[in-house]
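Visitor: Data: coords.csv, CSV, C-alpha atoms and all ligand atoms.
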chain,number,residue,atom,x,y,z
C,68,MET,CA,1.0,1.5,25.5
C,69,LYS,CA,-2.2,2.4,23.6
C,70,ALA,CA,-3.0,0.1,20.6
C,71,ILE,CA,-5.9,-0.8,18.4
C,72,VAL,CA,-6.7,-4.5,18.4
C,73,VAL,CA,-9.1,-6.8,16.4
C,74,THR,CA,-10.6,-10.0,17.8
C,75,ASP,CA,-13.6,-10.7,15.4
C,76,GLN,CA,-13.1,-11.0,11.7
C,77,ALA,CA,-16.8,-10.9,10.9
C,78,ALA,CA,-17.1,-7.5,12.7
C,79,GLY,CA,-14.6,-5.8,10.2
C,80,THR,CA,-13.3,-2.4,11.0
C,81,ALA,CA,-16.4,-1.7,13.2
C,82,GLY,CA,-15.0,-4.3,15.6
C,83,MET,CA,-11.6,-2.5,16.1
C,84,LYS,CA,-11.0,-1.4,19.7
C,85,LEU,CA,-8.5,0.9,21.4
C,86,VAL,CA,-6.9,-0.9,24.4
C,87,GLU,CA,-3.9,-0.9,26.7
C,88,ARG,CA,-1.2,-3.4,25.7
C,89,PRO,CA,2.3,-4.2,27.0
C,90,GLU,CA,5.1,-2.5,25.1
C,91,PRO,CA,6.9,-4.9,22.7
C,92,GLN,CA,10.4,-6.2,23.2
C,93,ALA,CA,13.0,-6.3,20.5
C,94,ALA,CA,13.9,-9.9,19.4
C,95,ILE,CA,17.1,-10.8,17.4
C,96,ASN,CA,17.7,-8.3,14.5
C,97,ASP,CA,14.7,-6.2,15.6
C,98,VAL,CA,14.4,-2.6,16.6
C,99,VAL,CA,11.6,-1.1,18.7
C,100,VAL,CA,10.1,2.0,17.0
C,101,GLU,CA,8.2,4.7,18.8
C,102,ILE,CA,5.5,5.2,16.2
C,103,HIS,CA,4.7,8.7,15.1
C,104,ALA,CA,2.4,7.9,12.2
C,105,SER,CA,0.8,4.6,11.0
C,106,GLY,CA,-0.9,3.5,7.8
C,107,PHE,CA,-3.7,0.9,7.5
C,108,VAL,CA,-5.2,-0.8,4.5
C,109,PRO,CA,-8.9,-1.7,5.2
C,110,THR,CA,-8.6,-5.1,3.4
C,111,GLU,CA,-6.0,-6.2,6.0
C,112,LEU,CA,-9.0,-7.6,8.0
C,113,ALA,CA,-9.6,-10.1,5.2
C,114,TRP,CA,-6.0,-11.3,5.2
C,115,PRO,CA,-5.3,-14.6,7.1
C,116,SER,CA,-2.1,-13.1,8.5
C,117,THR,CA,-4.1,-10.6,10.5
C,118,TRP,CA,-5.6,-13.5,12.5
C,119,THR,CA,-3.0,-16.2,12.6
C,120,ASP,CA,0.7,-16.7,13.0
C,121,ARG,CA,3.0,-18.4,10.4
C,122,ARG,CA,1.9,-21.9,11.7
C,123,ASP,CA,-1.8,-20.9,11.3
C,124,ARG,CA,-2.4,-20.6,15.1
C,125,ASP,CA,-4.9,-18.0,16.3
C,126,ARG,CA,-3.0,-14.8,17.3
C,127,THR,CA,-5.9,-12.6,18.3
C,128,PRO,CA,-6.3,-10.1,19.8
C,129,SER,CA,-3.9,-8.8,17.1
C,130,ILE,CA,-2.7,-5.3,16.3
C,131,PRO,CA,-3.3,-4.4,12.6
C,132,GLY,CA,-1.5,-1.8,10.5
C,133,HIS,CA,1.8,-2.5,8.7
C,134,GLU,CA,3.1,0.9,7.6
C,135,LEU,CA,4.9,3.2,10.1
C,136,ALA,CA,7.1,6.2,10.5
C,137,GLY,CA,8.8,6.9,13.8
C,138,VAL,CA,12.0,6.9,15.9
C,139,VAL,CA,14.1,3.8,17.0
C,140,THR,CA,14.1,3.5,20.8
C,141,ALA,CA,15.8,0.1,21.3
C,142,LEU,CA,17.9,-2.5,19.4
C,143,GLY,CA,17.6,-6.2,19.6
C,144,TYR,CA,20.4,-8.7,20.0
C,145,GLY,CA,22.7,-8.5,17.0
C,146,THR,CA,20.8,-5.7,15.2
C,147,THR,CA,23.0,-3.6,12.9
C,148,GLY,CA,22.4,-0.8,10.3
C,149,LEU,CA,20.1,1.4,12.5
C,150,SER,CA,20.7,3.3,15.7
C,151,VAL,CA,18.7,4.5,18.7
C,152,GLY,CA,17.2,7.9,18.0
C,153,GLN,CA,17.1,7.4,14.2
C,154,ARG,CA,14.1,8.4,12.2
C,155,VAL,CA,12.8,5.5,10.1
C,156,PHE,CA,9.9,4.3,8.0
C,157,GLY,CA,8.9,1.0,6.5
C,158,LEU,CA,6.7,-2.1,6.2
C,159,ALA,CA,6.0,-4.4,9.2
C,160,ASP,CA,5.7,-8.2,9.0
C,161,TRP,CA,2.3,-9.4,8.1
C,162,HIS,CA,2.1,-12.0,10.9
C,163,ARG,CA,3.3,-9.9,13.8
C,164,ASP,CA,1.6,-7.2,15.9
C,165,GLY,CA,1.5,-4.1,13.7
C,166,THR,CA,1.7,-0.4,13.7
C,167,LEU,CA,-1.7,0.9,15.0
C,168,ALA,CA,0.0,1.3,18.4
C,169,GLU,CA,2.5,3.6,20.2
C,170,TYR,CA,5.4,1.1,19.7
C,171,VAL,CA,6.2,-1.8,17.4
C,172,ALA,CA,9.0,-4.4,17.4
C,173,ILE,CA,10.1,-4.9,13.8
C,174,GLU,CA,13.0,-6.4,11.9
C,175,ALA,CA,15.5,-3.7,11.1
C,176,ARG,CA,15.8,-4.9,7.5
C,177,ASN,CA,12.1,-3.9,7.0
C,178,LEU,CA,13.0,-0.2,7.6
C,179,ALA,CA,14.8,2.6,5.8
C,180,PRO,CA,16.0,5.9,7.2
C,181,LEU,CA,13.4,8.7,7.0
C,182,PRO,CA,15.1,12.0,5.9
C,183,GLY,CA,14.7,14.8,8.4
C,184,ASP,CA,12.7,16.9,5.9
C,185,VAL,CA,10.0,14.3,5.4
C,186,ASP,CA,7.1,14.5,7.8
C,187,PHE,CA,6.2,11.3,9.7
C,188,THR,CA,2.6,11.4,8.2
C,189,VAL,CA,4.1,11.4,4.7
C,190,GLY,CA,6.6,8.6,5.6
C,191,ALA,CA,3.8,6.4,6.9
C,192,SER,CA,1.7,6.8,3.7
C,193,LEU,CA,4.4,5.5,1.4
C,194,PRO,CA,5.5,1.9,2.2
C,195,ILE,CA,2.7,-0.3,1.0
C,196,SER,CA,1.5,1.8,-1.9
C,197,GLY,CA,5.0,2.9,-3.0
C,198,LEU,CA,6.7,-0.5,-2.7
C,199,THR,CA,3.7,-2.3,-4.3
C,200,ALA,CA,3.7,0.1,-7.3
C,201,TRP,CA,7.5,-0.1,-7.6
C,202,GLN,CA,7.7,-3.9,-7.4
C,203,GLY,CA,4.7,-4.4,-9.7
C,204,LEU,CA,6.0,-2.1,-12.4
C,205,PHE,CA,9.8,-2.6,-12.4
C,206,GLN,CA,10.5,-6.0,-10.8
C,207,HIS,CA,7.5,-8.1,-11.9
C,208,GLY,CA,6.2,-6.1,-14.9
C,209,ARG,CA,9.7,-5.2,-16.3
C,210,LEU,CA,8.3,-1.9,-17.5
C,211,GLN,CA,10.4,-0.1,-20.2
C,212,ALA,CA,10.2,3.5,-21.4
C,213,GLY,CA,7.8,3.9,-24.3
C,214,GLN,CA,5.5,1.1,-23.2
C,215,SER,CA,1.8,1.6,-22.4
C,216,VAL,CA,0.2,0.9,-19.0
C,217,ILE,CA,-3.4,0.6,-17.7
C,218,ALA,CA,-3.3,1.7,-14.1
C,219,HIS,CA,-6.5,0.6,-12.5
C,220,GLY,CA,-7.9,2.5,-9.5
C,221,ALA,CA,-5.6,5.3,-10.3
C,222,ALA,CA,-7.0,7.7,-7.8
C,223,GLY,CA,-6.4,5.1,-5.0
C,224,ALA,CA,-3.4,4.5,-2.8
C,225,VAL,CA,-1.5,2.0,-5.0
C,226,GLY,CA,-2.9,3.2,-8.4
C,227,SER,CA,-1.8,6.8,-7.8
C,228,MET,CA,1.7,5.6,-7.2
C,229,VAL,CA,1.6,3.3,-10.2
C,230,THR,CA,0.5,6.2,-12.4
C,231,GLN,CA,3.2,8.6,-11.2
C,232,LEU,CA,6.1,6.0,-11.3
C,233,ALA,CA,5.1,4.7,-14.7
C,234,ARG,CA,4.9,8.2,-16.1
C,235,GLU,CA,8.3,9.1,-14.7
C,236,ALA,CA,9.7,5.9,-16.3
C,237,GLY,CA,8.6,7.1,-19.7
C,238,ALA,CA,5.4,5.0,-20.1
C,239,TYR,CA,2.1,6.1,-21.6
C,240,VAL,CA,-0.4,5.8,-18.8
C,241,ILE,CA,-4.2,5.2,-19.0
C,242,GLY,CA,-5.6,5.6,-15.5
C,243,THR,CA,-9.0,4.1,-14.6
C,244,GLY,CA,-11.5,4.6,-11.8
C,245,ARG,CA,-14.9,6.0,-11.0
C,246,ALA,CA,-16.4,9.1,-12.7
C,247,ALA,CA,-15.6,11.3,-9.8
C,248,ASP,CA,-11.9,10.4,-9.9
C,249,ARG,CA,-11.2,11.7,-13.4
C,250,GLN,CA,-9.5,15.0,-12.5
C,251,ALA,CA,-7.5,13.4,-9.6
C,252,VAL,CA,-6.2,10.7,-12.0
C,253,LEU,CA,-5.2,13.2,-14.6
C,254,ASP,CA,-3.5,15.3,-11.9
C,255,PHE,CA,-1.4,12.3,-10.9
C,256,GLY,CA,-0.1,12.3,-14.5
C,257,ALA,CA,-2.3,9.8,-16.5
C,258,GLN,CA,-2.5,10.8,-20.2
C,259,GLU,CA,-6.0,9.3,-20.5
C,260,PHE,CA,-8.8,8.4,-18.1
C,261,VAL,CA,-11.3,5.6,-18.4
C,262,ASP,CA,-14.4,5.8,-16.2
C,263,LEU,CA,-15.0,2.1,-15.5
C,264,GLU,CA,-18.7,2.6,-14.8
C,265,ASN,CA,-19.5,4.5,-18.0
C,266,ASP,CA,-16.8,4.2,-20.6
C,267,ALA,CA,-15.8,1.1,-22.6
C,268,LEU,CA,-12.4,-0.2,-21.4
C,269,GLU,CA,-12.0,-2.0,-24.7
C,270,ASP,CA,-11.8,1.4,-26.5
C,271,VAL,CA,-8.3,1.8,-25.0
C,272,GLY,CA,-6.9,-0.9,-27.5
C,273,GLU,CA,-3.7,-2.9,-26.8
C,274,VAL,CA,-1.3,-2.1,-24.0
C,275,ASP,CA,2.0,-3.6,-22.7
C,276,LEU,CA,1.1,-3.8,-19.0
C,277,VAL,CA,-2.0,-3.9,-16.9
C,278,PHE,CA,-1.6,-3.1,-13.2
C,279,ASP,CA,-4.7,-4.6,-11.6
C,280,VAL,CA,-5.9,-3.5,-8.1
C,281,ILE,CA,-9.6,-4.5,-8.7
C,282,GLY,CA,-9.8,-8.1,-10.0
C,283,GLY,CA,-13.0,-9.9,-11.2
C,284,ASP,CA,-14.5,-8.9,-14.5
C,285,ILE,CA,-12.3,-5.8,-14.9
C,286,GLN,CA,-9.3,-8.0,-14.6
C,287,LYS,CA,-10.7,-10.5,-17.2
C,288,ARG,CA,-11.5,-7.7,-19.7
C,289,SER,CA,-8.1,-6.1,-19.1
C,290,ALA,CA,-6.2,-9.4,-19.8
C,291,ASP,CA,-7.7,-9.4,-23.3
C,292,LEU,CA,-6.1,-6.0,-24.0
C,293,ILE,CA,-2.5,-7.1,-23.3
C,294,ARG,CA,-0.4,-7.3,-26.5
C,295,ALA,CA,1.9,-10.3,-27.2
C,296,GLY,CA,4.7,-10.3,-24.8
C,297,GLY,CA,2.9,-8.0,-22.3
C,298,THR,CA,2.1,-8.6,-18.6
C,299,LEU,CA,-0.9,-8.6,-16.3
C,300,VAL,CA,0.3,-7.7,-12.8
C,301,SER,CA,-2.3,-8.3,-10.1
C,302,ILE,CA,-2.1,-7.5,-6.4
C,303,VAL,CA,-5.6,-8.9,-5.6
C,304,GLY,CA,-4.8,-12.6,-5.4
C,305,PRO,CA,-4.0,-15.2,-8.1
C,306,ALA,CA,-4.9,-13.9,-11.5
C,307,GLU,CA,-8.2,-15.5,-12.7
C,308,ALA,CA,-7.5,-14.3,-16.2
C,309,ARG,CA,-4.4,-14.6,-18.4
C,310,PRO,CA,-3.3,-12.7,-21.5
C,311,THR,CA,-3.4,-15.0,-24.5
C,312,ASN,CA,0.2,-14.4,-25.3
C,313,GLY,CA,1.8,-12.8,-22.3
C,314,LEU,CA,2.5,-13.2,-18.6
C,315,ALA,CA,0.2,-13.0,-15.6
C,316,ILE,CA,1.8,-12.3,-12.3
C,317,ASP,CA,0.4,-11.8,-8.8
C,318,PHE,CA,2.4,-11.0,-5.8
C,319,VAL,CA,2.4,-9.7,-2.2
C,320,VAL,CA,4.6,-6.7,-1.5
C,321,GLU,CA,7.8,-7.1,0.4
C,322,SER,CA,9.8,-4.5,2.3
C,323,ASP,CA,13.0,-3.3,0.6
C,324,ARG,CA,15.3,-0.7,2.1
C,325,ALA,CA,16.8,0.4,-1.2
C,326,GLN,CA,13.4,0.8,-2.8
C,327,LEU,CA,12.0,2.7,0.2
C,328,SER,CA,14.9,5.1,-0.2
C,329,GLU,CA,14.3,5.5,-3.9
C,330,ILE,CA,10.6,6.3,-3.2
C,331,VAL,CA,11.2,8.8,-0.4
C,332,GLN,CA,13.8,10.6,-2.5
C,333,ARG,CA,11.2,11.1,-5.2
C,334,VAL,CA,8.9,12.6,-2.7
C,335,ARG,CA,11.6,14.9,-1.5
C,336,ASP,CA,12.4,16.2,-4.9
C,337,GLY,CA,8.8,16.6,-6.0
C,338,ARG,CA,8.7,13.7,-8.6
C,339,LEU,CA,6.2,11.7,-6.4
C,340,ARG,CA,3.1,13.0,-4.6
C,341,THR,CA,1.7,11.0,-1.8
C,342,ASN,CA,-2.1,10.3,-1.6
C,343,ILE,CA,-3.4,10.9,1.8
C,344,GLY,CA,-7.2,11.2,2.2
C,345,THR,CA,-7.6,11.5,6.0
C,346,VAL,CA,-5.3,12.0,9.0
C,347,SER,CA,-6.7,11.0,12.4
C,348,THR,CA,-5.4,10.5,16.0
C,349,LEU,CA,-5.1,7.0,17.5
C,350,ASP,CA,-8.0,7.9,19.8
C,351,ASP,CA,-10.2,8.6,16.8
C,352,ALA,CA,-8.8,5.9,14.5
C,353,VAL,CA,-11.7,3.5,14.8
C,354,ALA,CA,-14.1,6.2,13.6
C,355,ALA,CA,-11.7,7.2,10.8
C,356,PHE,CA,-11.7,3.6,9.6
C,357,ASN,CA,-15.5,3.6,9.5
C,358,PRO,CA,-16.1,6.8,7.4
C,359,THR,CA,-19.7,7.9,6.7
C,360,LYS,CA,-18.7,9.1,3.2
C,361,ARG,CA,-16.3,7.9,0.5
C,362,ILE,CA,-12.8,9.0,1.0
C,363,SER,CA,-10.2,8.7,-1.7
C,364,GLY,CA,-6.6,8.2,-0.6
C,365,LYS,CA,-4.9,6.7,2.4
C,366,THR,CA,-6.1,7.1,6.0
C,367,ILE,CA,-3.1,7.9,8.2
C,368,ILE,CA,-3.1,7.7,12.0
C,369,ARG,CA,-0.9,10.3,13.6
C,370,VAL,CA,0.0,8.4,16.7
C,371,ARG,CA,2.1,11.3,18.2
C,372,PRO,CA,1.1,14.9,17.5
C,401,LIG,N1,-0.7,-7.8,-3.0
C,401,LIG,C1,-0.2,-6.7,-2.4
C,401,LIG,O1,0.9,-6.7,-2.1
C,401,LIG,C2,-1.1,-5.5,-2.2
C,401,LIG,C3,-0.6,-4.3,-1.7
C,401,LIG,C4,-1.4,-3.2,-1.6
C,401,LIG,C5,-2.7,-3.3,-1.8
C,401,LIG,N2,-3.3,-4.5,-2.2
C,401,LIG,C6,-4.7,-4.6,-2.5
C,401,LIG,O2,-4.9,-3.8,-3.6
C,401,LIG,C7,-6.3,-3.3,-3.6
C,401,LIG,C8,-6.2,-1.8,-3.7
C,401,LIG,O3,-5.5,-1.2,-2.6
C,401,LIG,P1,-5.5,0.4,-2.4
C,401,LIG,O4,-4.9,0.6,-1.1
C,401,LIG,O5,-4.9,1.0,-3.6
C,401,LIG,O6,-7.0,0.7,-2.4
C,401,LIG,P2,-7.8,2.1,-2.7
C,401,LIG,O7,-7.0,3.2,-2.1
C,401,LIG,O8,-9.2,1.9,-2.2
C,401,LIG,O9,-7.8,2.2,-4.3
C,401,LIG,C9,-8.6,1.4,-5.1
C,401,LIG,C10,-9.2,2.3,-6.1
C,401,LIG,O10,-9.9,1.6,-7.1
C,401,LIG,C11,-11.2,2.0,-7.2
C,401,LIG,N3,-12.1,1.0,-7.6
C,401,LIG,C12,-12.3,-0.2,-7.0
C,401,LIG,N4,-13.2,-1.0,-7.6
C,401,LIG,C13,-13.6,-0.2,-8.7
C,401,LIG,C14,-14.5,-0.4,-9.7
C,401,LIG,N5,-15.2,-1.6,-9.9
C,401,LIG,N6,-14.7,0.6,-10.7
C,401,LIG,C15,-14.0,1.7,-10.5
C,401,LIG,N7,-13.1,2.0,-9.6
C,401,LIG,C16,-12.9,1.0,-8.7
C,401,LIG,C17,-11.5,2.5,-5.8
C,401,LIG,O11,-12.7,3.3,-5.8
C,401,LIG,P3,-13.7,3.2,-4.5
C,401,LIG,O12,-12.9,3.6,-3.3
C,401,LIG,O13,-14.8,4.1,-4.8
C,401,LIG,O14,-14.1,1.7,-4.5
C,401,LIG,C18,-10.2,3.2,-5.5
C,401,LIG,O15,-10.2,4.5,-6.0
C,401,LIG,C19,-6.8,-3.7,-2.2
C,401,LIG,O16,-7.6,-4.9,-2.5
C,401,LIG,C20,-5.6,-4.1,-1.4
C,401,LIG,O17,-5.9,-5.1,-0.4
C,401,LIG,C21,-2.5,-5.6,-2.4
Since I need it in another form, could you write the structure as structure tokens?
Ligand SMILES: NC(=O)c1ccc[n+]([C@@H]2O[C@H](COP(=O)([O-])OP(=O)(O)OC[C@H]3O[C@@H](n4cnc5c(N)ncnc54)[C@H](OP(=O)(O)O)[C@@H]3O)[C@@H](O)[C@H]2O)c1

Guide:
Amino acid sequence: MKAIVVTDQAAGTAGMKLVERPEPQAAINDVVVEIHASGFVPTELAWPSTWTDRRDRDRTPSIPGHELAGVVTALGYGTTGLSVGQRVFGLADWHRDGTLAEYVAIEARNLAPLPGDVDFTVGASLPISGLTAWQGLFQHGRLQAGQSVIAHGAAGAVGSMVTQLAREAGAYVIGTGRAADRQAVLDFGAQEFVDLENDALEDVGEVDLVFDVIGGDIQKRSADLIRAGGTLVSIVGPAEARPTNGLAIDFVVESDRAQLSEIVQRVRDGRLRTNIGTVSTLDDAVAAFNPTKRISGKTIIRVRP
């Protein structure tokens, strides 16, 4: 099969190569999925799991990409809940070969059925951004209707989902980003926009929840805005800053079939809009991951036309 591999961490996305690899076999509780579309987060190349297995042994050349939408072609020993020929989408294990390939072997529990009226390209754009936003807002942030949220990077992949899901849940949403992102953030449903390069974040006043996708100084200044009992949710590593009288939580997203189904149902009925910046083929994927100009939104690889 065709697959994209990485061998050299220092080379970043420029070091990705399209090669031939053997097709994967389904292990216990796995399925093999014929991938129709795949999602990739550029920061994956900085994650240790891209380079090593769970015992920290080198696993290069490894296939990156963790989001997929496709069709089940084989079941492993003991696999239940999915069948051959079924359309699925989901989030692949961090430490196994991933989804920038024609096939992937993946635990069935990491997948959910993809309804027939949802395109594979859309399906592949949802797992990481949708699940991360869902888990950060509702599981870790315990968001309630009527609360206020700062959604950082709200024109980006995760931030646009945070903005929409928080609005739907009845929160007041202040989206942030670069000046050029103002209209996109308001279109995703934020009631206010803060241009982090030109506006004073502090003018926002106190909020109940900050969803941080940026870290550093922005995270520190945001922590100071959290009211007593509020929460700083960070997805960019252990929080360096803590609210004086609230919680700080960092987490890595996990796959969850029920949450994937909730997310895709919202896309079907128009409550949630996905955020795709570019769609490319597998043959052109390396060029797509090394764009010459800024692209907002996810880059999706359409593996099968
Ligand atoms: N822990 C987890 O489970 C988890 C899950 C998903 C993602 N992540 C991490 O979360 C981060 C965001 O992911 P993503 O896929 O949403 O990325 P993304 O699509 O690039 O979105 C990030 C957004 O924030 C903006 N931004 C970044 N720094 C900024 C700054 N200093 N001022 C203003 N705007 C700024 C970006 O603008 P520019 O593009 O112009 O920089 C972009 O619009 C990444 O580091 C990713 O690795 C973690």

Visitor: Grab me every residue within 9 Å of ligand LIG 401 (chain C), counting all atoms listed in the file, and send it over as a ChimeraX atom specification.

Guide: /C:107-111,113-114,195-200,203,219-228,243-248,262-264,279-285,301-304,317-321,342,361-365

Visitor: Counting all atoms listed in the file, which of C:Thr147, C:Asn96, C:Thr127, C:Ser116 gets nearest to Ala172 in chain C?

Guide: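 Among the listed residues, C:Asn96 lies closest to Ala172 in chain C.
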
Visitor: What is the distance between CA of Val300 in chain C and CA of Val189 in chain C, in Å to one decimal?

Guide: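 Between these atoms lies a distance of 26.2 Å.
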
Visitor: From the list C:Glu134, C:Asp75, C:Glu87, C:Asp186, which residue is nearest Pro372 in chain C when using all atoms listed in the file?

Guide: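 Of C:Glu134, C:Asp75, C:Glu87, C:Asp186, the one nearest Pro372 in chain C is C:Asp186, counting all atoms listed in the file.
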
Visitor: Considering all atoms listed in the file, state which residue in the set C:Pro310, C:Pro131, C:Gly137, C:Pro115 is at the smallest distance from His103 in chain C.

Guide: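 Between C:Pro310, C:Pro131, C:Gly137, C:Pro115, the residue approaching His103 in chain C most closely is C:Gly137.
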
Visitor: Using only C-alpha atoms, find the one residue out of C:Met83, C:Ala354, C:Ile367, C:Val277 that sits nearest to Val229 in chain C.

Guide: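 Among the listed residues, the smallest separation from Val229 in chain C belongs to C:Val277.
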
Visitor: To one decimal place, how far is CA of Gln326 in chain C from CA of Trp161 in chain C in Å?

Guide: 18.6 Å

Visitor: C:Thr298, C:Ser150, C:Thr188, C:Gln286: which is nearest Ala175 in chain C, counting only C-alpha atoms?

Guide: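 That would be C:Ser150, the residue with the smallest distance to Ala175 in chain C.
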
Visitor: Nearest to Pro91 in chain C among C:Asp164, C:Asp275, C:Glu259, C:Asp120, with distances taken over all atoms listed in the file: which residue is it?

Guide: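 For Pro91 in chain C, the nearest of the candidates is C:Asp164.
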
Visitor: Write out as a VMD selection string which residues come within 9 Å of Leu327 in chain C when counting all atoms listed in the file, dropping same-chain ones fewer than 2 positions away.

Guide: chain C and resid 156 to 157 178 to 180 193 to 194 197 to 198 322 to 325 329 to 332

Visitor: Contacts of Tyr170 in chain C at 6 Å or less, counting only C-alpha atoms, minus same-chain residues fewer than 3 places along, as a count of residues only?

Guide: 3

Visitor: State, in Å with one decimal place, the distance from CA of Val252 in chain C to CA of Lys360 in chain C.

Guide: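 Between these atoms lies a distance of 19.7 Å.
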
Visitor: Kindly add N, CA and C atoms to the incomplete range 224-244 of chain C and provide the output as a PDB file, in the coordinates of the input.

Guide:
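The new file rebuild_4.pdb reads:
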ATOM      1  N   ALA C 224      -4.755   4.439  -3.447  1.00  0.00           N
ATOM      2  CA  ALA C 224      -3.400   4.500  -2.800  1.00  0.00           C
ATOM      3  C   ALA C 224      -2.368   3.902  -3.734  1.00  0.00           C
ATOM      4  N   VAL C 225      -2.549   2.666  -4.175  1.00  0.00           N
ATOM      5  CA  VAL C 225      -1.500   2.000  -5.000  1.00  0.00           C
ATOM      6  C   VAL C 225      -1.588   2.629  -6.430  1.00  0.00           C
ATOM      7  N   GLY C 226      -2.788   2.779  -6.995  1.00  0.00           N
ATOM      8  CA  GLY C 226      -2.900   3.200  -8.400  1.00  0.00           C
ATOM      9  C   GLY C 226      -2.317   4.603  -8.629  1.00  0.00           C
ATOM     10  N   SER C 227      -2.395   5.491  -7.646  1.00  0.00           N
ATOM     11  CA  SER C 227      -1.800   6.800  -7.800  1.00  0.00           C
ATOM     12  C   SER C 227      -0.294   6.751  -7.896  1.00  0.00           C
ATOM     13  N   MET C 228       0.288   5.806  -7.148  1.00  0.00           N
ATOM     14  CA  MET C 228       1.700   5.600  -7.200  1.00  0.00           C
ATOM     15  C   MET C 228       2.137   4.947  -8.532  1.00  0.00           C
ATOM     16  N   VAL C 229       1.336   3.973  -8.965  1.00  0.00           N
ATOM     17  CA  VAL C 229       1.600   3.300 -10.200  1.00  0.00           C
ATOM     18  C   VAL C 229       1.603   4.349 -11.360  1.00  0.00           C
ATOM     19  N   THR C 230       0.603   5.201 -11.355  1.00  0.00           N
ATOM     20  CA  THR C 230       0.500   6.200 -12.400  1.00  0.00           C
ATOM     21  C   THR C 230       1.709   7.119 -12.441  1.00  0.00           C
ATOM     22  N   GLN C 231       2.106   7.619 -11.281  1.00  0.00           N
ATOM     23  CA  GLN C 231       3.200   8.600 -11.200  1.00  0.00           C
ATOM     24  C   GLN C 231       4.555   7.903 -11.593  1.00  0.00           C
ATOM     25  N   LEU C 232       4.795   6.689 -11.033  1.00  0.00           N
ATOM     26  CA  LEU C 232       6.100   6.000 -11.300  1.00  0.00           C
ATOM     27  C   LEU C 232       6.190   5.573 -12.743  1.00  0.00           C
ATOM     28  N   ALA C 233       5.065   5.127 -13.302  1.00  0.00           N
ATOM     29  CA  ALA C 233       5.100   4.700 -14.700  1.00  0.00           C
ATOM     30  C   ALA C 233       5.334   5.878 -15.627  1.00  0.00           C
ATOM     31  N   ARG C 234       4.707   7.003 -15.329  1.00  0.00           N
ATOM     32  CA  ARG C 234       4.900   8.200 -16.100  1.00  0.00           C
ATOM     33  C   ARG C 234       6.405   8.636 -16.073  1.00  0.00           C
ATOM     34  N   GLU C 235       6.932   8.644 -14.851  1.00  0.00           N
ATOM     35  CA  GLU C 235       8.300   9.100 -14.700  1.00  0.00           C
ATOM     36  C   GLU C 235       9.273   8.155 -15.459  1.00  0.00           C
ATOM     37  N   ALA C 236       8.874   6.865 -15.564  1.00  0.00           N
ATOM     38  CA  ALA C 236       9.700   5.900 -16.300  1.00  0.00           C
ATOM     39  C   ALA C 236       9.565   5.988 -17.788  1.00  0.00           C
ATOM     40  N   GLY C 237       8.710   6.896 -18.245  1.00  0.00           N
ATOM     41  CA  GLY C 237       8.600   7.100 -19.700  1.00  0.00           C
ATOM     42  C   GLY C 237       7.488   6.284 -20.334  1.00  0.00           C
ATOM     43  N   ALA C 238       6.549   5.779 -19.536  1.00  0.00           N
ATOM     44  CA  ALA C 238       5.400   5.000 -20.100  1.00  0.00           C
ATOM     45  C   ALA C 238       4.272   5.935 -20.455  1.00  0.00           C
ATOM     46  N   TYR C 239       3.372   5.419 -21.316  1.00  0.00           N
ATOM     47  CA  TYR C 239       2.100   6.100 -21.600  1.00  0.00           C
ATOM     48  C   TYR C 239       1.069   5.485 -20.672  1.00  0.00           C
ATOM     49  N   VAL C 240       0.409   6.325 -19.835  1.00  0.00           N
ATOM     50  CA  VAL C 240      -0.400   5.800 -18.800  1.00  0.00           C
ATOM     51  C   VAL C 240      -1.902   6.096 -18.974  1.00  0.00           C
ATOM     52  N   ILE C 241      -2.694   5.029 -18.959  1.00  0.00           N
ATOM     53  CA  ILE C 241      -4.200   5.200 -19.000  1.00  0.00           C
ATOM     54  C   ILE C 241      -4.653   4.813 -17.610  1.00  0.00           C
ATOM     55  N   GLY C 242      -5.143   5.812 -16.901  1.00  0.00           N
ATOM     56  CA  GLY C 242      -5.600   5.600 -15.500  1.00  0.00           C
ATOM     57  C   GLY C 242      -7.129   5.283 -15.578  1.00  0.00           C
ATOM     58  N   THR C 243      -7.598   4.443 -14.647  1.00  0.00           N
ATOM     59  CA  THR C 243      -9.000   4.100 -14.600  1.00  0.00           C
ATOM     60  C   THR C 243      -9.554   4.431 -13.176  1.00  0.00           C
ATOM     61  N   GLY C 244     -10.891   4.433 -13.080  1.00  0.00           N
ATOM     62  CA  GLY C 244     -11.500   4.600 -11.800  1.00  0.00           C
ATOM     63  C   GLY C 244     -12.980   4.965 -11.933  1.00  0.00           C
TER      64      GLY C 244
END
